[in-house]
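Structure file structure.txt; described as compact mmCIF, C-alpha atoms.
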```
# COMPACT_ATOMS: atom_id res chain seq x y z
CA MET A 1 126.41 126.47 99.02
CA ARG A 2 124.74 128.29 96.16
CA THR A 3 122.76 127.18 93.12
CA GLN A 4 120.35 128.78 90.70
CA VAL A 5 117.25 126.68 91.45
CA VAL A 6 116.60 124.54 94.52
CA ILE A 7 114.07 121.80 93.81
CA VAL A 8 112.40 120.44 96.93
CA GLY A 9 111.29 116.90 96.19
CA GLY A 10 113.01 114.12 94.24
CA GLY A 11 109.97 112.56 92.63
CA PRO A 12 109.28 112.56 88.88
CA SER A 13 108.17 116.20 88.62
CA GLY A 14 111.24 117.54 90.44
CA LEU A 15 113.54 115.26 88.45
CA LEU A 16 111.96 116.20 85.12
CA LEU A 17 112.26 119.90 85.90
CA GLY A 18 115.88 119.42 86.93
CA GLN A 19 116.73 117.52 83.75
CA LEU A 20 115.10 120.09 81.46
CA LEU A 21 116.85 122.97 83.23
CA HIS A 22 120.18 121.14 83.12
CA LEU A 23 119.91 120.83 79.34
CA LYS A 24 119.58 124.63 79.19
CA GLY A 25 122.64 125.15 81.39
CA ILE A 26 120.68 126.07 84.53
CA GLU A 27 122.09 124.62 87.75
CA THR A 28 119.83 122.84 90.23
CA VAL A 29 120.11 121.00 93.53
CA ILE A 30 117.36 118.53 94.44
CA LEU A 31 116.51 117.87 98.09
CA GLU A 32 114.67 114.61 98.82
CA ARG A 33 113.32 113.58 102.22
CA LYS A 34 113.53 109.82 101.56
CA THR A 35 116.18 107.50 100.14
CA ARG A 36 116.46 106.87 96.41
CA ASP A 37 115.39 103.25 96.91
CA TYR A 38 112.28 104.40 98.78
CA VAL A 39 111.29 106.79 95.98
CA LEU A 40 111.81 104.07 93.37
CA GLY A 41 109.78 101.61 95.45
CA ARG A 42 106.58 103.65 95.33
CA ILE A 43 103.88 102.10 93.15
CA ARG A 44 102.02 104.68 91.07
CA ALA A 45 99.92 104.85 87.92
CA GLY A 46 101.60 104.66 84.56
CA ILE A 47 99.39 106.32 81.95
CA LEU A 48 101.33 109.09 80.21
CA GLU A 49 99.64 111.82 78.19
CA THR A 50 101.08 112.92 74.87
CA GLY A 51 102.46 116.10 76.45
CA LEU A 52 104.45 114.18 79.06
CA VAL A 53 105.72 111.74 76.44
CA ASP A 54 106.98 114.70 74.38
CA MET A 55 108.68 116.18 77.46
CA MET A 56 110.46 112.91 78.21
CA ARG A 57 111.83 112.98 74.68
CA GLU A 58 112.79 116.64 75.02
CA ALA A 59 114.60 115.76 78.24
CA GLY A 60 116.58 113.01 76.48
CA VAL A 61 115.24 110.22 78.69
CA SER A 62 112.81 108.45 76.37
CA LYS A 63 114.89 105.57 75.00
CA ARG A 64 113.62 102.89 77.38
CA MET A 65 110.12 104.37 77.42
CA ASP A 66 109.87 104.26 73.62
CA THR A 67 111.10 100.66 73.59
CA GLU A 68 109.11 99.18 76.47
CA CYS A 69 105.88 101.20 76.66
CA PHE A 70 102.42 99.97 75.76
CA ILE A 71 100.61 102.22 73.27
CA HIS A 72 96.91 102.57 74.05
CA HIS A 73 94.67 103.74 71.26
CA GLY A 74 91.62 104.04 73.50
CA THR A 75 89.88 102.81 76.61
CA CYS A 76 86.79 100.78 77.50
CA ILE A 77 83.85 101.60 79.75
CA SER A 78 81.40 99.01 81.05
CA TYR A 79 78.00 99.30 82.72
CA ASP A 80 75.12 96.90 83.31
CA GLY A 81 77.12 94.01 81.89
CA GLU A 82 77.95 95.63 78.55
CA MET A 83 81.10 97.38 77.39
CA PHE A 84 81.97 99.98 74.77
CA ASP A 85 85.21 101.33 73.40
CA ILE A 86 86.33 104.96 73.09
CA ASN A 87 88.91 104.94 70.31
CA PHE A 88 91.21 107.93 70.79
CA GLN A 89 93.11 107.25 67.60
CA LYS A 90 89.94 107.20 65.51
CA LEU A 91 88.32 110.18 67.25
CA ILE A 92 91.25 112.62 67.51
CA GLY A 93 94.27 110.88 66.02
CA GLU A 94 96.19 110.58 69.31
CA ASN A 95 96.90 108.00 71.99
CA VAL A 96 98.34 107.51 75.46
CA ILE A 97 101.03 105.10 76.61
CA VAL A 98 101.40 102.89 79.65
CA TYR A 99 104.84 103.18 81.21
CA GLY A 100 105.10 102.95 84.98
CA GLN A 101 105.79 106.06 87.01
CA THR A 102 108.52 104.13 88.79
CA GLU A 103 110.25 103.63 85.45
CA VAL A 104 109.88 107.31 84.57
CA THR A 105 111.53 108.15 87.89
CA ARG A 106 114.31 105.60 87.37
CA ASP A 107 115.12 106.98 83.91
CA LEU A 108 115.28 110.52 85.27
CA TYR A 109 117.54 109.54 88.17
CA ASP A 110 119.89 107.75 85.77
CA ALA A 111 120.03 110.85 83.57
CA ARG A 112 120.73 113.06 86.58
CA ASP A 113 123.55 110.76 87.69
CA THR A 114 125.05 110.81 84.19
CA ALA A 115 124.88 114.62 84.12
CA GLY A 116 126.58 114.88 87.51
CA CYS A 117 123.81 117.03 88.96
CA ARG A 118 123.50 117.10 92.72
CA THR A 119 120.74 115.33 94.65
CA VAL A 120 120.73 115.25 98.44
CA PHE A 121 118.75 112.41 100.02
CA GLU A 122 117.37 111.93 103.54
CA VAL A 123 117.14 115.64 104.27
CA GLU A 124 115.25 116.73 107.37
CA ASP A 125 113.77 119.96 108.72
CA VAL A 126 113.64 121.69 105.34
CA GLU A 127 112.70 125.36 105.57
CA ILE A 128 112.26 127.76 102.67
CA ARG A 129 113.33 131.21 103.78
CA ASP A 130 112.82 134.70 102.36
CA ALA A 131 110.89 133.39 99.36
CA ASP A 132 109.12 136.75 99.05
CA THR A 133 112.45 138.55 98.53
CA ASP A 134 115.07 138.55 95.77
CA ASN A 135 117.38 136.41 97.92
CA PRO A 136 115.64 133.19 98.94
CA PHE A 137 117.50 130.36 100.62
CA VAL A 138 116.74 126.89 101.92
CA THR A 139 117.96 125.38 105.17
CA PHE A 140 117.91 121.69 106.08
CA ASN A 141 119.65 119.00 108.08
CA VAL A 142 121.43 115.99 106.61
CA ASP A 143 123.66 113.46 108.39
CA GLY A 144 123.20 115.45 111.59
CA SER A 145 124.59 118.67 110.12
CA ALA A 146 122.77 121.93 109.37
CA ARG A 147 123.06 123.10 105.76
CA ARG A 148 122.05 126.18 103.78
CA ILE A 149 121.64 126.72 100.03
CA ASP A 150 121.27 130.22 98.62
CA CYS A 151 119.46 130.39 95.30
CA ASP A 152 117.52 132.48 92.81
CA PHE A 153 114.33 130.38 92.89
CA VAL A 154 112.74 127.46 94.75
CA ALA A 155 110.54 124.87 93.03
CA GLY A 156 108.28 123.06 95.47
CA CYS A 157 107.80 119.55 94.05
CA ASP A 158 107.44 117.86 97.44
CA GLY A 159 103.86 116.61 97.31
CA PHE A 160 100.69 117.26 99.22
CA HIS A 161 102.30 116.83 102.66
CA GLY A 162 105.52 118.72 101.87
CA VAL A 163 106.77 121.99 103.29
CA SER A 164 106.52 124.10 100.14
CA ARG A 165 102.82 124.90 100.18
CA LYS A 166 102.92 125.43 103.94
CA THR A 167 105.55 128.13 103.39
CA ILE A 168 103.00 130.39 101.70
CA PRO A 169 101.15 132.53 104.30
CA ASP A 170 97.51 131.67 105.01
CA THR A 171 96.61 135.24 104.12
CA VAL A 172 97.86 134.60 100.57
CA LEU A 173 96.89 130.99 99.94
CA LYS A 174 93.36 129.79 99.19
CA GLU A 175 92.52 126.10 99.11
CA TYR A 176 89.66 124.28 97.39
CA GLU A 177 88.91 120.68 98.30
CA LYS A 178 86.41 117.88 97.82
CA VAL A 179 86.90 114.64 99.73
CA TYR A 180 85.11 111.62 98.27
CA PRO A 181 83.29 109.16 100.57
CA PHE A 182 85.15 106.08 99.33
CA GLY A 183 88.60 104.80 98.40
CA TRP A 184 90.26 102.55 95.83
CA LEU A 185 91.55 99.16 96.87
CA GLY A 186 94.38 98.37 94.48
CA VAL A 187 96.10 95.05 93.81
CA LEU A 188 99.25 94.42 91.77
CA SER A 189 99.65 90.85 90.51
CA GLU A 190 102.04 88.96 88.28
CA THR A 191 99.28 87.99 85.86
CA PRO A 192 98.59 88.88 82.21
CA PRO A 193 96.21 91.81 81.63
CA VAL A 194 92.59 90.82 81.10
CA HIS A 195 92.21 93.14 78.10
CA GLU A 196 94.44 95.07 75.72
CA GLU A 197 92.92 98.39 76.86
CA LEU A 198 92.02 99.72 80.30
CA ILE A 199 88.48 98.95 81.45
CA TYR A 200 86.60 101.44 83.64
CA ALA A 201 83.57 99.69 85.13
CA ASN A 202 80.40 101.14 86.63
CA SER A 203 78.31 98.57 88.52
CA GLU A 204 75.67 98.50 91.22
CA ARG A 205 78.37 97.13 93.55
CA GLY A 206 80.67 100.07 92.86
CA PHE A 207 83.49 101.08 90.53
CA ALA A 208 86.28 98.83 89.24
CA LEU A 209 89.30 99.35 86.99
CA CYS A 210 91.33 96.80 85.05
CA SER A 211 94.76 98.09 84.00
CA MET A 212 98.28 96.84 83.47
CA ARG A 213 102.00 97.55 83.75
CA ASN A 214 103.26 95.09 81.13
CA ASP A 215 102.49 91.71 79.54
CA SER A 216 102.82 89.86 82.83
CA LEU A 217 102.02 92.52 85.43
CA SER A 218 98.47 93.73 86.03
CA ARG A 219 96.95 96.38 88.26
CA TYR A 220 93.31 96.12 89.38
CA TYR A 221 91.13 98.31 91.58
CA VAL A 222 87.74 98.16 93.24
CA GLN A 223 85.89 100.96 95.02
CA CYS A 224 85.81 100.33 98.76
CA GLY A 225 84.91 102.04 102.01
CA LEU A 226 87.27 104.64 103.43
CA ASN A 227 87.40 102.76 106.72
CA ASP A 228 87.86 99.29 105.25
CA ASP A 229 90.51 97.18 106.95
CA LEU A 230 93.07 96.03 104.38
CA GLN A 231 93.58 92.82 106.37
CA GLU A 232 89.96 91.86 105.71
CA TRP A 233 90.51 91.98 101.95
CA SER A 234 92.03 88.61 101.16
CA ASP A 235 93.14 87.95 97.60
CA ASP A 236 90.20 85.61 97.09
CA ARG A 237 87.74 88.23 98.30
CA PHE A 238 89.28 90.85 96.02
CA TRP A 239 89.16 88.69 92.88
CA ASP A 240 85.60 87.63 93.63
CA GLU A 241 84.49 91.24 94.04
CA LEU A 242 86.28 92.39 90.89
CA LYS A 243 84.58 89.66 88.83
CA ARG A 244 81.17 90.82 90.07
CA ARG A 245 81.79 94.36 88.81
CA VAL A 246 82.96 93.68 85.25
CA PRO A 247 81.11 92.12 82.29
CA GLU A 248 80.79 88.34 82.41
CA ALA A 249 83.07 87.76 79.42
CA ILE A 250 85.84 89.78 81.13
CA ALA A 251 85.32 87.99 84.44
CA ASP A 252 85.54 84.59 82.73
CA SER A 253 88.86 85.44 81.07
CA LEU A 254 90.44 87.06 84.16
CA VAL A 255 93.64 85.33 85.28
CA THR A 256 94.05 85.64 89.04
CA GLY A 257 97.05 85.10 91.27
CA PRO A 258 98.69 86.17 94.53
CA SER A 259 98.93 89.91 95.07
CA ILE A 260 102.44 91.35 95.29
CA GLU A 261 101.19 94.74 96.50
CA LYS A 262 97.86 95.78 97.99
CA SER A 263 96.76 99.15 99.32
CA ILE A 264 93.78 101.43 99.88
CA ALA A 265 93.96 105.00 98.60
CA PRO A 266 91.48 107.75 99.54
CA LEU A 267 90.17 110.04 96.80
CA ARG A 268 90.14 113.81 96.84
CA SER A 269 90.08 116.79 94.52
CA PHE A 270 92.27 119.65 95.74
CA VAL A 271 93.63 122.89 94.30
CA CYS A 272 95.42 125.78 95.95
CA GLU A 273 95.81 129.27 94.52
CA PRO A 274 98.19 130.89 93.75
CA MET A 275 100.94 128.47 92.74
CA ARG A 276 103.59 131.15 93.11
CA TRP A 277 104.64 133.25 96.07
CA GLY A 278 107.60 135.49 95.41
CA ARG A 279 110.38 133.22 94.17
CA LEU A 280 108.71 130.02 95.32
CA PHE A 281 106.76 127.98 92.75
CA LEU A 282 104.54 124.99 93.53
CA CYS A 283 104.47 122.00 91.16
CA GLY A 284 102.34 118.89 91.07
CA ASP A 285 100.82 117.43 94.23
CA ALA A 286 102.16 120.32 96.28
CA ALA A 287 99.50 122.46 94.57
CA HIS A 288 96.78 120.08 93.41
CA ILE A 289 95.42 116.55 93.77
CA VAL A 290 93.04 114.72 91.46
CA PRO A 291 91.16 111.44 91.95
CA PRO A 292 92.99 108.65 90.11
CA THR A 293 90.03 108.26 87.73
CA GLY A 294 91.50 109.18 84.35
CA ALA A 295 95.14 109.08 85.56
CA LYS A 296 95.83 112.81 85.72
CA GLY A 297 98.12 113.03 88.78
CA LEU A 298 101.56 112.73 87.19
CA ASN A 299 100.30 114.32 83.99
CA THR A 300 99.08 117.49 85.70
CA ALA A 301 102.45 117.72 87.44
CA ALA A 302 104.12 117.50 84.04
CA SER A 303 102.12 120.44 82.71
CA ASP A 304 103.30 122.51 85.69
CA VAL A 305 106.88 121.53 84.89
CA HIS A 306 106.34 122.61 81.29
CA TYR A 307 105.20 126.11 82.25
CA LEU A 308 107.80 126.57 84.98
CA ASN A 309 110.65 125.33 82.78
CA GLU A 310 109.60 127.73 80.03
CA GLY A 311 109.47 130.65 82.48
CA LEU A 312 112.84 129.93 84.09
CA VAL A 313 114.59 129.41 80.75
CA GLN A 314 113.13 132.70 79.51
CA TYR A 315 114.38 134.43 82.66
CA TYR A 316 117.95 133.10 82.48
CA ARG A 317 118.26 133.34 78.70
CA ASP A 318 116.61 136.71 78.06
CA GLY A 319 116.25 138.35 81.46
CA ASP A 320 112.49 138.33 80.82
CA THR A 321 110.21 137.66 83.82
CA HIS A 322 106.96 137.27 81.85
CA GLY A 323 107.02 133.47 81.97
CA ILE A 324 107.54 133.23 85.72
CA ASP A 325 105.13 136.10 86.37
CA THR A 326 102.34 134.26 84.52
CA TYR A 327 103.26 130.76 85.69
CA SER A 328 100.52 130.40 88.27
CA GLU A 329 97.83 131.74 85.95
CA LYS A 330 98.82 129.46 83.06
CA ALA A 331 99.23 126.37 85.22
CA LEU A 332 95.92 126.84 87.04
CA ALA A 333 93.97 127.40 83.83
CA ARG A 334 94.92 123.91 82.68
CA ILE A 335 94.74 122.33 86.14
CA TRP A 336 91.11 123.29 86.67
CA LYS A 337 90.17 121.68 83.35
CA ALA A 338 91.95 118.48 84.38
CA GLU A 339 90.24 118.65 87.77
CA ARG A 340 86.89 118.94 86.02
CA PHE A 341 87.58 115.86 83.89
CA SER A 342 88.64 113.74 86.87
CA TRP A 343 85.71 114.97 88.97
CA ALA A 344 83.19 114.33 86.19
CA THR A 345 84.55 110.87 85.41
CA THR A 346 84.62 109.95 89.09
CA ASN A 347 81.00 111.03 89.50
CA MET A 348 79.95 109.11 86.39
CA LEU A 349 81.53 105.79 87.39
CA HIS A 350 81.28 105.45 91.19
CA ARG A 351 78.49 104.65 93.60
CA PHE A 352 77.95 107.32 96.25
CA PRO A 353 76.31 106.50 99.61
CA ASP A 354 73.67 109.22 99.32
CA GLN A 355 72.63 108.64 95.69
CA SER A 356 68.87 108.70 95.11
CA GLU A 357 67.08 106.75 92.40
CA PHE A 358 67.00 109.99 90.39
CA ASP A 359 70.77 110.35 90.78
CA LEU A 360 71.32 106.80 89.54
CA LYS A 361 69.13 107.46 86.48
CA MET A 362 71.15 110.60 85.73
CA GLN A 363 74.39 108.66 86.10
CA ARG A 364 73.19 106.03 83.66
CA ALA A 365 72.08 108.75 81.23
CA GLU A 366 75.56 110.28 81.44
CA ILE A 367 77.20 106.95 80.59
CA GLU A 368 74.76 106.28 77.75
CA SER A 369 75.40 109.75 76.35
CA LEU A 370 79.10 108.91 76.27
CA HIS A 371 78.31 105.51 74.74
CA TYR A 372 76.22 106.76 71.85
CA ASN A 373 77.29 110.37 71.28
CA GLU A 374 80.46 110.84 69.23
CA THR A 375 80.81 114.48 70.32
CA ALA A 376 80.84 113.35 73.97
CA GLN A 377 83.40 110.68 73.13
CA ARG A 378 85.60 113.22 71.37
CA TRP A 379 85.53 115.48 74.46
CA PHE A 380 86.45 112.48 76.63
CA ALA A 381 89.28 111.49 74.29
CA GLN A 382 90.71 115.03 74.14
CA ASN A 383 90.83 115.23 77.93
CA TYR A 384 92.13 111.70 78.43
CA VAL A 385 95.11 112.08 76.08
CA GLY A 386 95.78 115.51 77.59
CA LEU A 387 94.80 119.06 76.74
CA PRO A 388 97.49 121.09 74.95
CA TYR A 389 99.92 123.11 77.06
```

Take the structure in the file and write it out as structure tokens.
Amino acid sequence: MRTQVVIVGGGPSGLLLGQLLHLKGIETVILERKTRDYVLGRIRAGILETGLVDMMREAGVSKRMDTECFIHHGTCISYDGEMFDINFQKLIGENVIVYGQTEVTRDLYDARDTAGCRTVFEVEDVEIRDADTDNPFVTFNVDGSARRIDCDFVAGCDGFHGVSRKTIPDTVLKEYEKVYPFGWLGVLSETPPVHEELIYANSERGFALCSMRNDSLSRYYVQCGLNDDLQEWSDDRFWDELKRRVPEAIADSLVTGPSIEKSIAPLRSFVCEPMRWGRLFLCGDAAHIVPPTGAKGLNTAASDVHYLNEGLVQYYRDGDTHGIDTYSEKALARIWKAERFSWATTNMLHRFPDQSEFDLKMQRAEIESLHYNETAQRWFAQNYVGLPY
């Protein structure tokens, strides 16, 4: 088998890249380790930056998103029982939307089916071969049979634990990582959102976040220990803890109910350099991870897709390699800025086990600076809605 671009990973970044390339007449095959139902069953954040929204429209998959999304003109931050609003629309004239990552993925799969593009599910033993030559190929097993795809390029969109990054030699790859000493306990419930905007809460008991998926589906988080046992977090305990971390007026209006999904996620900041080795390109979680504070995970993957799509289209249309040659440099320049925003916001809002009284005073000063300084709010808004590509 032969194709122009093999995309390893059938999540939203791989699907978006495949759809954009298809519209330019570039052939792709997507290899996915899991089943389609498994991919669509993963619960992920749903805040989309303006850049990703524009790319969904460019890809021709925005109809349902534009109809069903929630437009958010800002966000709220609380501390010491009070809450203030950062109005993106007023500060910079932009906004974000809430539209679940699962729905983004579903729309992209439907578009790929309609286009007749090939996706191979439940692949095993994927190996990317000869990526540092002009003739890369990918081998894998499916349904008990060994397969091979020859190609021009490979896009590694297979996440942090995928094979793509591991293909790059240790002598070439450099990794940067910070692991945070806590996790997020998340609950999904069939309850109305407690507020029209997201609420990021700093409290002496730890961080909390109130968010939503739609009018009747809410997503809440509380900071917890990395070694916490999920079984010890009953629904009643979770709701009680959340109420203690948000302002009283929010706690009093919170509608609780049985959780339909509950999980604990560790937090880390991670970047690898470079994001290109020969004809292999890393996208999204394969190259970088951000803490969920500020919802940059899917959005940073989308910026990678933007730069890689531009480079590949330039190559096939004009025979010009400039775009793919500068892909890693361009992508990393934006990624590090997004990493900084997520890192800074995480540090501002969470309780750390080794914080001194001085550290806590500095944290409060940081929040108050954001509260009362319009320049600080404008910087926050620009980063939250997404830096330009």

Find the residues of segment 79-144 of chain A that sit at most 10 Å from segment 233-256 of chain A; for each, write down the nearest two atoms and how far apart they are in Å, to one decimal. Count only C-alpha atoms. Sort by chain, then by number going up, and give it as JSON lines.
```
{"residue": "A:Tyr79", "atom": "CA", "partner": "A:Pro247", "partner_atom": "CA", "distance": 7.8}
{"residue": "A:Asp80", "atom": "CA", "partner": "A:Pro247", "partner_atom": "CA", "distance": 7.7}
{"residue": "A:Gly81", "atom": "CA", "partner": "A:Pro247", "partner_atom": "CA", "distance": 4.4}
{"residue": "A:Glu82", "atom": "CA", "partner": "A:Pro247", "partner_atom": "CA", "distance": 6.0}
{"residue": "A:Met83", "atom": "CA", "partner": "A:Pro247", "partner_atom": "CA", "distance": 7.2}
```

Can you measure atom CA of Phe182 of chain A to atom CA of Leu226 of chain A for me? One decimal in Å is fine.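 Computed distance, atom CA of Phe182 of chain A to atom CA of Leu226 of chain A, equals 4.8 Å.
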
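When all atoms listed in the file are used to measure the gap to Gly294 of chain A, the shortest distance among A:Cys224, A:Leu198, A:Ile335, A:Ala376 belongs to A:Leu198.
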
Which of these residues is nearest to Gly100 of chain A, using only C-alpha atoms: A:Ser189, A:Thr119, A:Asn214, A:Ser145?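 Of A:Ser189, A:Thr119, A:Asn214, A:Ser145, the one nearest Gly100 of chain A, counting only C-alpha atoms, is A:Asn214.
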
Would you compute the distance between atom CA of Gly156 of chain A and atom CA of Pro12 of chain A? Give it in Å to one decimal. 12.4 Å

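Atom CA of Ile97 of chain A to atom CA of Pro192 of chain A spans 17.3 Å [interatomic distance, one decimal].
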
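Minimum atom-to-atom distances from A:Asp125, A:Glu273, A:Asp304, A:Asp285 to Leu52 of chain A were compared using only C-alpha atoms, and the lowest value belongs to A:Asp304.
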
Near Phe137 of chain A, counting only C-alpha atoms, which residues have an atom at most 8 Å away, once you skip same-chain residues fewer than 2 positions from it, shown as number ranges by chain? A: 128-131, 135, 139, 148-151

Which is closer to Thr35 of chain A than all the others in A:Ala365, A:Val142, A:Ile289, A:Val5, using all atoms listed in the file?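 Using all atoms listed in the file, Thr35 of chain A sits closest to A:Val142.
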
Closest to Asn373 of chain A among A:Phe84, A:Tyr109, A:Phe70, A:Phe121, using all atoms listed in the file?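 Of A:Phe84, A:Tyr109, A:Phe70, A:Phe121, the one nearest Asn373 of chain A is A:Phe84, counting all atoms listed in the file.
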